[in-house]
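One structure below.
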There are 2 protein chains.
Amino acid sequence: MARTTGSDGEKTEAAVREAAVSLIARLGYEAMSMRQLAAEVGVQAAALYRYFPTKEDLLFTLMREHMEGLLKAWEAARPASIDPVTRLAAYVENHIAFHIERRHATHVSNMELRSLSHERLTQILKMRTAYEKELRTILRDGAEAGVFQVDDTGLTAMALIQMMTGVIVWFRPGERLSIAEVTASYLSMTMRLVGATISHGTARRLGRARDAVAL
Amino acid sequence: MARTTGSDGEKTEAAVREAAVSLIARLGYEAMSMRQLAAEVGVQAAALYRYFPTKEDLLFTLMREHMEGLLKAWEAARPASIDPVTRLAAYVENHIAFHIERRHATHVSNMELRSLSHERLTQILKMRTAYEKELRTILRDGAEAGVFQVDDTGLTAMALIQMMTGVIVWFRPGERLSIAEVTASYLSMTMRLVGATISHGTARRLGRARDAVAL
DNA sequence: GAATTAATTAAACGTTCGTTTTATTATTCC
DNA sequence: GGAATAATAAAACGAACGTTTAATTAATTC
């Protein structure tokens, strides 16, 4: 047989991406076979090669789009304010919301880096570094303004990112805690960790987050 | 050919473990072939099967011994004191020291869980849970004694563990920061994160840690 | 120093892998 | 409605995989 009734390139490609993220997150990139992926999509393995020339191209595409999405999400969420506390709060909220919504894709982007070619690894790491630099800038500005107590900006940024991203390891939607509760907790942990001096405006802001949890 | 001059089972087994940890950490469990591992040890692939009946047995052995080592290290480091701040400081110091010294093995134990059979996964997770429970107990005791300000003991424990273990992702010995500096920074971040009330004795203890960094 | 045991090599087994080739059918275009 | 094109199936390719079997040699035992 050959082309099947109702088949459509765009639909198939979208289905491949979705199935690939889920399968790679569950089994790992090396452990997932192209035949397994094809079966999940309901297609023959050869059909996958119409959309992605190699298995690694598929992986890279998933990772690149995940990182591009993360950078775009932060661009959209980045506040106009220059207040470091406000900016840090926005960064934390955006980071947690983005990663909880994309648990599988985050898993893939964090765990399968070693399966990329050197050149592509560099591309992904460049995007990641740019994203992390945003946090370091916020921390440095806050430290210089005297509203944060931070020993080492780089170390603190890494610690915060590991802590926040780690939420995808244990968080399961619909269990004990809601996304809003988790976000509020991570926000207050972050602010304490950086020794944030709470201004009047900030206190009102954090108070609102806490009220939301109480609902 | 067959048995080689000077060959010895114990030496070979130790070499296999060592090479396996390093190769799996670098390439991933699925991506590492038994032939590759054998070549690294300087032996034929079939020789590996004298020590580990299957590839998965090898992985499981590495993970189990890593987790057993972690639990034993904490048993040895656990202070007699009932003061939550002292206990938390000991937990953080032990955790970071243990994981920095075993970066590769930690990588393997954290990243390759999905390659274990269900039964063996359960065994490893049981050990991990027992270890994490120690931290939750410290946090709960501290919260009940009023020396820690912690919203949610479980969530805080996970956040701290992710933050601390994450050190192996970016830390490289011999670069900008020493192990002592990193440990001291993580200790103070932890204490701020849990909102620790610093007593006189604790202040002296943390002060000593800070002095060590200044060396 | 012969017999036994431990450690290893060399070769092979069947399976699965990523990928390519070729053929076939559905859809689109004019 | 015929031609062109897009989307797929089916089958095959060579390579690599984990593992097993059989043979061989070093070390140990008595």
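A note on labels: chains of the structure tokens are A, B, ... as shown, every chain counts residues from 1, and ligands are counted from 1 in their shown order.
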(message) Select, as a PyMOL selection string, those residues of chain D with any atom no more than 10 Å from chain B (distances computed using only C-alpha atoms (C1' of nucleotides)).
(response) chain D and resi 16-20+23-27
Superposition output for chain B against chain A, all Cα paired in order, as a tab-separated table (two decimals) with C-alpha atoms, in the first residue's frame:
```tsv
chain	number	residue	atom	x	y	z
B	1	MET	CA	-0.16	-0.01	0.11
B	2	ALA	CA	0.88	3.62	-0.10
B	3	ARG	CA	-0.68	6.95	0.70
B	4	THR	CA	-3.60	6.55	3.10
B	5	THR	CA	-6.93	8.34	2.94
B	6	GLY	CA	-6.97	11.63	4.83
B	7	SER	CA	-3.20	11.68	5.29
B	8	ASP	CA	-1.69	15.13	5.57
B	9	GLY	CA	1.93	16.16	5.97
B	10	GLU	CA	1.34	18.85	8.56
B	11	LYS	CA	-0.77	16.65	10.76
B	12	THR	CA	1.69	13.79	10.55
B	13	GLU	CA	4.64	16.02	11.37
B	14	ALA	CA	2.87	17.45	14.40
B	15	ALA	CA	1.96	13.94	15.54
B	16	VAL	CA	5.56	12.84	15.12
B	17	ARG	CA	6.87	15.72	17.25
B	18	GLU	CA	4.36	15.11	19.97
B	19	ALA	CA	4.93	11.37	20.09
B	20	ALA	CA	8.70	11.87	19.97
B	21	VAL	CA	8.75	14.22	22.97
B	22	SER	CA	6.69	11.82	24.99
B	23	LEU	CA	8.61	8.70	23.96
B	24	ILE	CA	12.06	10.23	24.39
B	25	ALA	CA	11.08	11.59	27.79
B	26	ARG	CA	9.88	8.16	28.84
B	27	LEU	CA	12.46	5.85	27.28
B	28	GLY	CA	15.39	8.11	26.47
B	29	TYR	CA	16.59	9.12	23.03
B	30	GLU	CA	18.88	6.15	22.47
B	31	ALA	CA	16.35	3.66	23.74
B	32	MET	CA	13.57	4.92	21.49
B	33	SER	CA	13.64	3.30	18.05
B	34	MET	CA	12.33	4.93	14.92
B	35	ARG	CA	10.03	1.96	14.47
B	36	GLN	CA	8.59	2.48	17.96
B	37	LEU	CA	8.01	6.15	17.22
B	38	ALA	CA	6.38	5.32	13.89
B	39	ALA	CA	4.09	2.79	15.54
B	40	GLU	CA	3.02	5.40	18.11
B	41	VAL	CA	2.13	7.77	15.28
B	42	GLY	CA	0.43	4.99	13.33
B	43	VAL	CA	2.76	5.07	10.37
B	44	GLN	CA	5.68	3.13	8.91
B	45	ALA	CA	9.20	4.03	9.99
B	46	ALA	CA	10.19	5.19	6.52
B	47	ALA	CA	7.47	7.87	6.60
B	48	LEU	CA	9.32	9.66	9.41
B	49	TYR	CA	12.19	10.38	7.06
B	50	ARG	CA	9.99	12.63	4.97
B	51	TYR	CA	9.94	15.09	7.88
B	52	PHE	CA	13.26	14.57	9.63
B	53	PRO	CA	16.31	13.45	7.62
B	54	THR	CA	17.84	11.65	10.59
B	55	LYS	CA	16.94	10.69	14.14
B	56	GLU	CA	19.33	13.31	15.44
B	57	ASP	CA	17.67	16.01	13.32
B	58	LEU	CA	14.43	15.16	15.04
B	59	LEU	CA	16.00	15.46	18.49
B	60	PHE	CA	17.70	18.72	17.62
B	61	THR	CA	14.47	20.22	16.26
B	62	LEU	CA	12.63	19.39	19.46
B	63	MET	CA	15.35	20.89	21.61
B	64	ARG	CA	15.84	24.02	19.54
B	65	GLU	CA	12.16	24.81	19.51
B	66	HIS	CA	11.93	24.20	23.24
B	67	MET	CA	14.74	26.65	23.92
B	68	GLU	CA	13.38	29.20	21.46
B	69	GLY	CA	10.03	28.94	23.20
B	70	LEU	CA	11.65	29.52	26.57
B	71	LEU	CA	13.47	32.64	25.37
B	72	LYS	CA	10.32	33.99	23.72
B	73	ALA	CA	8.25	33.31	26.82
B	74	TRP	CA	10.69	35.30	28.93
B	75	GLU	CA	10.77	38.17	26.43
B	76	ALA	CA	7.01	38.34	26.70
B	77	ALA	CA	6.98	38.06	30.49
B	78	ARG	CA	9.92	40.36	31.24
B	79	PRO	CA	8.56	43.34	33.17
B	80	ALA	CA	9.27	46.94	32.24
B	81	SER	CA	10.18	47.70	35.86
B	82	ILE	CA	13.80	48.08	36.87
B	83	ASP	CA	13.10	46.85	40.40
B	84	PRO	CA	15.19	43.68	40.89
B	85	VAL	CA	12.61	42.09	43.17
B	86	THR	CA	9.85	42.53	40.60
B	87	ARG	CA	12.10	41.21	37.84
B	88	LEU	CA	13.23	38.21	39.88
B	89	ALA	CA	9.65	37.37	40.76
B	90	ALA	CA	8.69	37.51	37.07
B	91	TYR	CA	11.64	35.28	36.16
B	92	VAL	CA	10.70	32.67	38.74
B	93	GLU	CA	7.03	32.69	37.81
B	94	ASN	CA	7.75	32.43	34.11
B	95	HIS	CA	10.34	29.70	34.58
B	96	ILE	CA	8.14	27.51	36.70
B	97	ALA	CA	5.00	28.01	34.60
B	98	PHE	CA	6.89	27.28	31.37
B	99	HIS	CA	8.60	24.16	32.68
B	100	ILE	CA	5.61	22.65	34.43
B	101	GLU	CA	3.59	23.03	31.23
B	102	ARG	CA	6.36	21.35	29.24
B	103	ARG	CA	7.61	18.68	31.59
B	104	HIS	CA	8.38	16.15	28.88
B	105	ALA	CA	10.10	18.59	26.54
B	106	THR	CA	12.17	19.94	29.43
B	107	HIS	CA	13.23	16.43	30.32
B	108	VAL	CA	14.36	15.88	26.75
B	109	SER	CA	16.22	19.19	26.53
B	110	ASN	CA	18.02	18.59	29.80
B	111	MET	CA	18.82	14.90	29.56
B	112	GLU	CA	19.63	14.23	25.93
B	113	LEU	CA	22.22	16.89	25.23
B	114	ARG	CA	24.95	14.29	24.88
B	115	SER	CA	23.26	12.81	21.81
B	116	LEU	CA	23.76	16.00	19.81
B	117	SER	CA	26.69	16.63	17.53
B	118	HIS	CA	29.26	19.09	18.85
B	119	GLU	CA	28.02	21.90	16.64
B	120	ARG	CA	24.39	21.46	17.59
B	121	LEU	CA	25.21	21.07	21.26
B	122	THR	CA	26.95	24.42	21.06
B	123	GLN	CA	23.86	26.02	19.52
B	124	ILE	CA	21.59	24.74	22.27
B	125	LEU	CA	24.02	25.70	25.03
B	126	LYS	CA	24.30	29.20	23.59
B	127	MET	CA	20.55	29.67	23.98
B	128	ARG	CA	20.61	28.22	27.45
B	129	THR	CA	23.45	30.51	28.48
B	130	ALA	CA	21.60	33.54	27.14
B	131	TYR	CA	18.59	32.59	29.22
B	132	GLU	CA	20.65	32.06	32.36
B	133	LYS	CA	22.43	35.37	31.81
B	134	GLU	CA	19.11	37.14	32.26
B	135	LEU	CA	18.91	35.75	35.79
B	136	ARG	CA	22.51	36.64	36.57
B	137	THR	CA	21.86	40.20	35.46
B	138	ILE	CA	18.85	40.48	37.75
B	139	LEU	CA	20.85	39.10	40.67
B	140	ARG	CA	23.79	41.40	40.02
B	141	ASP	CA	21.55	44.48	39.72
B	142	GLY	CA	19.83	43.51	42.95
B	143	ALA	CA	23.12	42.94	44.74
B	144	GLU	CA	24.52	46.27	43.53
B	145	ALA	CA	21.34	48.06	44.59
B	146	GLY	CA	21.68	46.45	48.00
B	147	VAL	CA	18.29	44.73	47.89
B	148	PHE	CA	19.77	41.23	47.49
B	149	GLN	CA	22.42	39.58	49.63
B	150	VAL	CA	24.24	37.34	47.18
B	151	ASP	CA	27.75	35.93	47.68
B	152	ASP	CA	28.36	34.87	44.11
B	153	THR	CA	26.02	35.82	41.29
B	154	GLY	CA	26.92	32.92	39.00
B	155	LEU	CA	26.69	30.29	41.68
B	156	THR	CA	23.41	31.63	42.98
B	157	ALA	CA	21.92	31.72	39.48
B	158	MET	CA	22.84	28.08	38.90
B	159	ALA	CA	21.50	27.04	42.28
B	160	LEU	CA	18.20	28.80	41.63
B	161	ILE	CA	17.80	27.36	38.15
B	162	GLN	CA	18.52	23.83	39.32
B	163	MET	CA	16.10	24.26	42.17
B	164	MET	CA	13.32	25.64	39.97
B	165	THR	CA	13.77	23.26	37.05
B	166	GLY	CA	13.86	20.37	39.49
B	167	VAL	CA	10.17	20.92	40.04
B	168	ILE	CA	9.45	18.77	36.98
B	169	VAL	CA	11.07	15.78	38.65
B	170	TRP	CA	8.59	15.47	41.47
B	171	PHE	CA	5.63	17.64	40.54
B	172	ARG	CA	2.56	15.87	39.14
B	173	PRO	CA	-0.45	17.96	38.16
B	174	GLY	CA	-3.58	17.13	40.08
B	175	GLU	CA	-1.82	15.79	43.15
B	176	ARG	CA	-1.44	17.40	46.54
B	177	LEU	CA	-0.29	20.83	45.38
B	178	SER	CA	-1.62	23.10	42.66
B	179	ILE	CA	0.62	24.95	40.22
B	180	ALA	CA	-0.22	28.22	41.96
B	181	GLU	CA	0.78	26.83	45.35
B	182	VAL	CA	4.04	25.45	44.02
B	183	THR	CA	4.86	28.72	42.27
B	184	ALA	CA	4.13	30.73	45.39
B	185	SER	CA	6.33	28.46	47.51
B	186	TYR	CA	9.22	28.62	45.07
B	187	LEU	CA	8.84	32.37	44.88
B	188	SER	CA	9.14	32.82	48.62
B	189	MET	CA	12.01	30.33	48.85
B	190	THR	CA	13.80	32.25	46.10
B	191	MET	CA	13.31	35.59	47.80
B	192	ARG	CA	14.62	34.27	51.10
B	193	LEU	CA	17.54	32.55	49.36
B	194	VAL	CA	18.72	35.79	47.77
B	195	GLY	CA	18.08	37.66	51.01
B	196	ALA	CA	15.64	40.03	49.32
B	197	THR	CA	14.72	43.16	51.20
B	198	ILE	CA	10.94	43.40	50.87
B	199	SER	CA	9.75	46.86	49.89
B	200	HIS	CA	6.16	48.05	50.36
B	201	GLY	CA	5.20	47.43	46.72
B	202	THR	CA	6.82	44.03	46.70
B	203	ALA	CA	5.12	42.97	49.90
B	204	ARG	CA	1.77	43.79	48.31
B	205	ARG	CA	2.72	41.77	45.23
B	206	LEU	CA	3.88	38.72	47.18
B	207	GLY	CA	0.83	39.07	49.41
B	208	ARG	CA	-1.41	38.74	46.38
B	209	ALA	CA	0.40	35.59	45.31
B	210	ARG	CA	-0.13	34.14	48.75
B	211	ASP	CA	-3.82	35.06	48.67
B	212	ALA	CA	-4.18	33.25	45.37
B	213	VAL	CA	-2.86	30.11	47.02
B	214	ALA	CA	-5.42	30.34	49.79
B	215	LEU	CA	-8.25	30.05	47.25
```
For the interface of chain C with chain A (cut-off 8 Å, counting only C-alpha atoms (C1' of nucleotides)), please tabulate each contacting residue of chain C alongside its nearest pair of atoms and their separation in Å to one decimal, rows sorted by chain and increasing number, as CSV.
```
residue,atom,partner,partner_atom,distance
C:DC17,C1',A:Ser33,CA,7.4
C:DG18,C1',A:Met34,CA,7.5
C:DT24,C1',A:Ala2,CA,5.0
C:DT25,C1',A:Arg3,CA,5.0
C:DA26,C1',A:Arg3,CA,5.8
```
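Taking atom C1' of DT21 of chain C and atom C1' of DA3 of chain D as the two end points, the separation is 24.1 Å.
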(request) Run DSSP on the backbone of this structure and report the residues of chain A it assigns to alpha helix (DSSP H), as a count of residues only. (result) 156
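Pairwise distance (atom C1' of DT4 of chain C, atom C1' of DA22 of chain D) equals 18.6 Å.
Put simply, atom C1' of DT15 of chain C is 26.4 Å away from atom C1' of DT8 of chain D.
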